[in-house]
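What follows is a short report on a single structure.
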Amino acid sequence: MTSFALALATLALAPGDLPAQQLAVFQSETNTREYHGIYQEPLRRWLARRGEDFDVIGDATAAEAAALAKYAVVLASSTYLVPDAAAKGLAEYAAKGGRLLWIDSPARCTHPDLRKALADVSGDRAFAD
């Protein structure tokens, strides 16, 4: 299944299908400083309109794979900059079976573990280079 198909399957759930506190939206403070967070707001509004209960998590939470373990899905939308500690935590979460759904790409993230984790899901081997 491609990452886009996984995104559609995950987001096609009926409103409220995900148990409370099992959905997180990653909003990197580093990315927000550069891009002012303007691209993340539409995803949060859409989830709220659907009645989804979700947490917004930042870089510190993303850096801790153990803290991410309570989430069934971690979503990121238009998050291009990811600090190394957060990238490492997100990659570890994915490696342990967590669902990491990235809408758009972390284009300016150079952390090899996160890039590899996302390539493993999408099948885009070029992304891992």
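Ordered as shown in the structure tokens, chains take letters A, B, and onward, while each chain numbers its residues from 1 and ligands are numbered from 1 in the order shown.
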Per-residue nearest contacts region 62-113 of chain A to region 48-55 of chain A, cut-off 10 Å, using only C-alpha atoms, as a tab-separated table:
```
residue	atom	partner	partner_atom	distance
A:Tyr71	CA	A:Asp55	CA	9.3
A:Val73	CA	A:Phe54	CA	9.9
A:Val74	CA	A:Asp55	CA	9.4
```
Near Glu92 (chain A), counting only C-alpha atoms, which residues have an atom at most 8 Å away, once you skip same-chain residues fewer than 4 positions from it, shown as a PDB file with N, CA and C atoms, in the first residue's frame?
```pdb
ATOM      1  N   ALA A  65       9.994   8.450  21.655  1.00  0.00           N
ATOM      2  CA  ALA A  65       9.201   7.355  21.070  1.00  0.00           C
ATOM      3  C   ALA A  65       8.262   6.748  22.108  1.00  0.00           C
ATOM      4  N   LYS A  88      14.493  11.513  15.195  1.00  0.00           N
ATOM      5  CA  LYS A  88      14.910  10.223  15.765  1.00  0.00           C
ATOM      6  C   LYS A  88      13.744   9.561  16.505  1.00  0.00           C
ATOM      7  N   LYS A  96       8.915   0.745  15.570  1.00  0.00           N
ATOM      8  CA  LYS A  96       8.260  -0.128  16.554  1.00  0.00           C
ATOM      9  C   LYS A  96       6.803  -0.399  16.201  1.00  0.00           C
TER      10      LYS A  96
END
```
Contacts of region 30-41 of chain A at 10 Å (only C-alpha atoms; same-chain gap of 4+ positions) as a ChimeraX atom specification: /A:25-26,45-46,58-59,76-83,106,108
Write the residues of the selection above to a file with N, CA, C and O atoms, as a short mmCIF file (atom, residue, chain, number, x, y, z; two decimals), in the first residue's frame.
```cif
data_model
loop_
_atom_site.label_atom_id
_atom_site.label_comp_id
_atom_site.auth_asym_id
_atom_site.auth_seq_id
_atom_site.Cartn_x
_atom_site.Cartn_y
_atom_site.Cartn_z
N VAL A 25 -1.34 15.11 16.06
CA VAL A 25 -0.91 15.93 14.93
C VAL A 25 0.41 16.56 15.34
O VAL A 25 0.48 17.30 16.34
N PHE A 26 1.46 16.24 14.61
CA PHE A 26 2.79 16.77 14.90
C PHE A 26 2.93 18.15 14.28
O PHE A 26 2.77 18.33 13.09
N ARG A 45 -8.24 21.91 11.57
CA ARG A 45 -9.64 22.32 11.40
C ARG A 45 -10.48 21.18 10.83
O ARG A 45 -11.60 20.94 11.28
N TRP A 46 -9.94 20.47 9.85
CA TRP A 46 -10.67 19.36 9.22
C TRP A 46 -10.94 18.26 10.23
O TRP A 46 -12.05 17.74 10.32
N GLY A 58 4.47 18.64 19.85
CA GLY A 58 5.59 19.41 19.33
C GLY A 58 6.86 18.61 19.30
O GLY A 58 6.86 17.38 19.44
N ASP A 59 7.95 19.31 19.13
CA ASP A 59 9.26 18.68 18.98
C ASP A 59 9.66 17.83 20.19
O ASP A 59 10.20 16.74 20.02
N ALA A 76 1.45 14.33 10.21
CA ALA A 76 2.22 15.55 9.99
C ALA A 76 1.81 16.10 8.63
O ALA A 76 1.69 15.35 7.67
N SER A 77 1.56 17.39 8.58
CA SER A 77 1.14 18.02 7.33
C SER A 77 2.04 19.21 7.04
O SER A 77 2.16 20.11 7.88
N SER A 78 2.68 19.18 5.89
CA SER A 78 3.54 20.30 5.46
C SER A 78 4.54 20.68 6.53
O SER A 78 4.74 21.85 6.83
N THR A 79 5.15 19.68 7.12
CA THR A 79 6.20 19.90 8.11
C THR A 79 7.52 19.60 7.43
O THR A 79 7.88 18.43 7.26
N TYR A 80 8.21 20.63 7.03
CA TYR A 80 9.42 20.48 6.22
C TYR A 80 10.69 20.43 7.06
O TYR A 80 11.66 19.82 6.67
N LEU A 81 10.68 21.10 8.20
CA LEU A 81 11.83 21.13 9.09
C LEU A 81 11.54 20.30 10.32
O LEU A 81 10.52 20.52 10.99
N VAL A 82 12.42 19.37 10.63
CA VAL A 82 12.25 18.50 11.80
C VAL A 82 13.59 18.43 12.51
O VAL A 82 14.58 17.98 11.93
N PRO A 83 13.65 18.87 13.77
CA PRO A 83 14.91 18.78 14.51
C PRO A 83 15.36 17.31 14.63
O PRO A 83 14.53 16.40 14.65
N PRO A 106 9.02 15.90 4.53
CA PRO A 106 9.93 16.70 5.35
C PRO A 106 11.15 17.08 4.51
O PRO A 106 12.27 16.64 4.74
N ARG A 108 13.21 19.42 4.05
CA ARG A 108 14.45 20.00 4.56
C ARG A 108 15.00 19.23 5.76
O ARG A 108 15.96 19.66 6.38
#
```
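Put simply, CA of Ala66 (chain A) is 21.7 Å away from CA of Cys109 (chain A).
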Run DSSP on the backbone of this structure and report the residues of region 35-114 of chain A it assigns to strand (DSSP E or B), as a tab-separated table (two decimals) with N, CA and C atoms, in the first residue's frame.
```tsv
chain	number	residue	atom	x	y	z
A	55	ASP	N	-4.47	15.18	19.83
A	55	ASP	CA	-3.50	16.01	20.53
A	55	ASP	C	-2.60	16.66	19.49
A	56	VAL	N	-2.21	17.89	19.75
A	56	VAL	CA	-1.18	18.53	18.95
A	56	VAL	C	0.11	18.36	19.73
A	57	ILE	N	1.10	17.74	19.10
A	57	ILE	CA	2.37	17.50	19.77
A	57	ILE	C	3.47	18.29	19.08
A	73	VAL	N	-1.96	6.77	15.51
A	73	VAL	CA	-1.49	7.46	14.30
A	73	VAL	C	-0.91	8.81	14.71
A	74	VAL	N	0.23	9.14	14.12
A	74	VAL	CA	0.80	10.48	14.23
A	74	VAL	C	0.77	11.07	12.82
A	75	LEU	N	0.06	12.20	12.68
A	75	LEU	CA	-0.06	12.88	11.40
A	75	LEU	C	0.86	14.10	11.37
A	76	ALA	N	1.45	14.33	10.21
A	76	ALA	CA	2.22	15.55	9.99
A	76	ALA	C	1.81	16.10	8.63
A	77	SER	N	1.56	17.39	8.58
A	77	SER	CA	1.14	18.02	7.33
A	77	SER	C	2.04	19.21	7.04
A	99	ARG	N	2.14	4.15	13.42
A	99	ARG	CA	1.72	4.66	12.10
A	99	ARG	C	2.04	6.14	12.02
A	100	LEU	N	2.94	6.45	11.13
A	100	LEU	CA	3.38	7.82	10.91
A	100	LEU	C	2.92	8.22	9.52
A	101	LEU	N	1.99	9.14	9.47
A	101	LEU	CA	1.40	9.57	8.20
A	101	LEU	C	1.86	10.98	7.90
A	102	TRP	N	2.67	11.13	6.86
A	102	TRP	CA	3.25	12.42	6.51
A	102	TRP	C	2.60	12.90	5.23
A	103	ILE	N	1.84	13.98	5.32
A	103	ILE	CA	1.20	14.57	4.15
A	103	ILE	C	2.12	15.67	3.67
```
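Between CA of Ala72 (chain A) and CA of Gly97 (chain A) the separation is 9.5 Å.
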Contacts of Ala69 (chain A) at 9 Å (only C-alpha atoms; same-chain gap of 5+ positions) as an MDAnalysis selection string: chainID A and resid 64 93 96 98
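Interatomic distance, CA of Thr61 (chain A) against CA of Ala91 (chain A): 13.0 Å.
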Shell of 6 Å around region 84-86 of chain A, only C-alpha atoms, local chain residues under 4 positions omitted, as a ChimeraX atom specification: /A:59,62-63,111
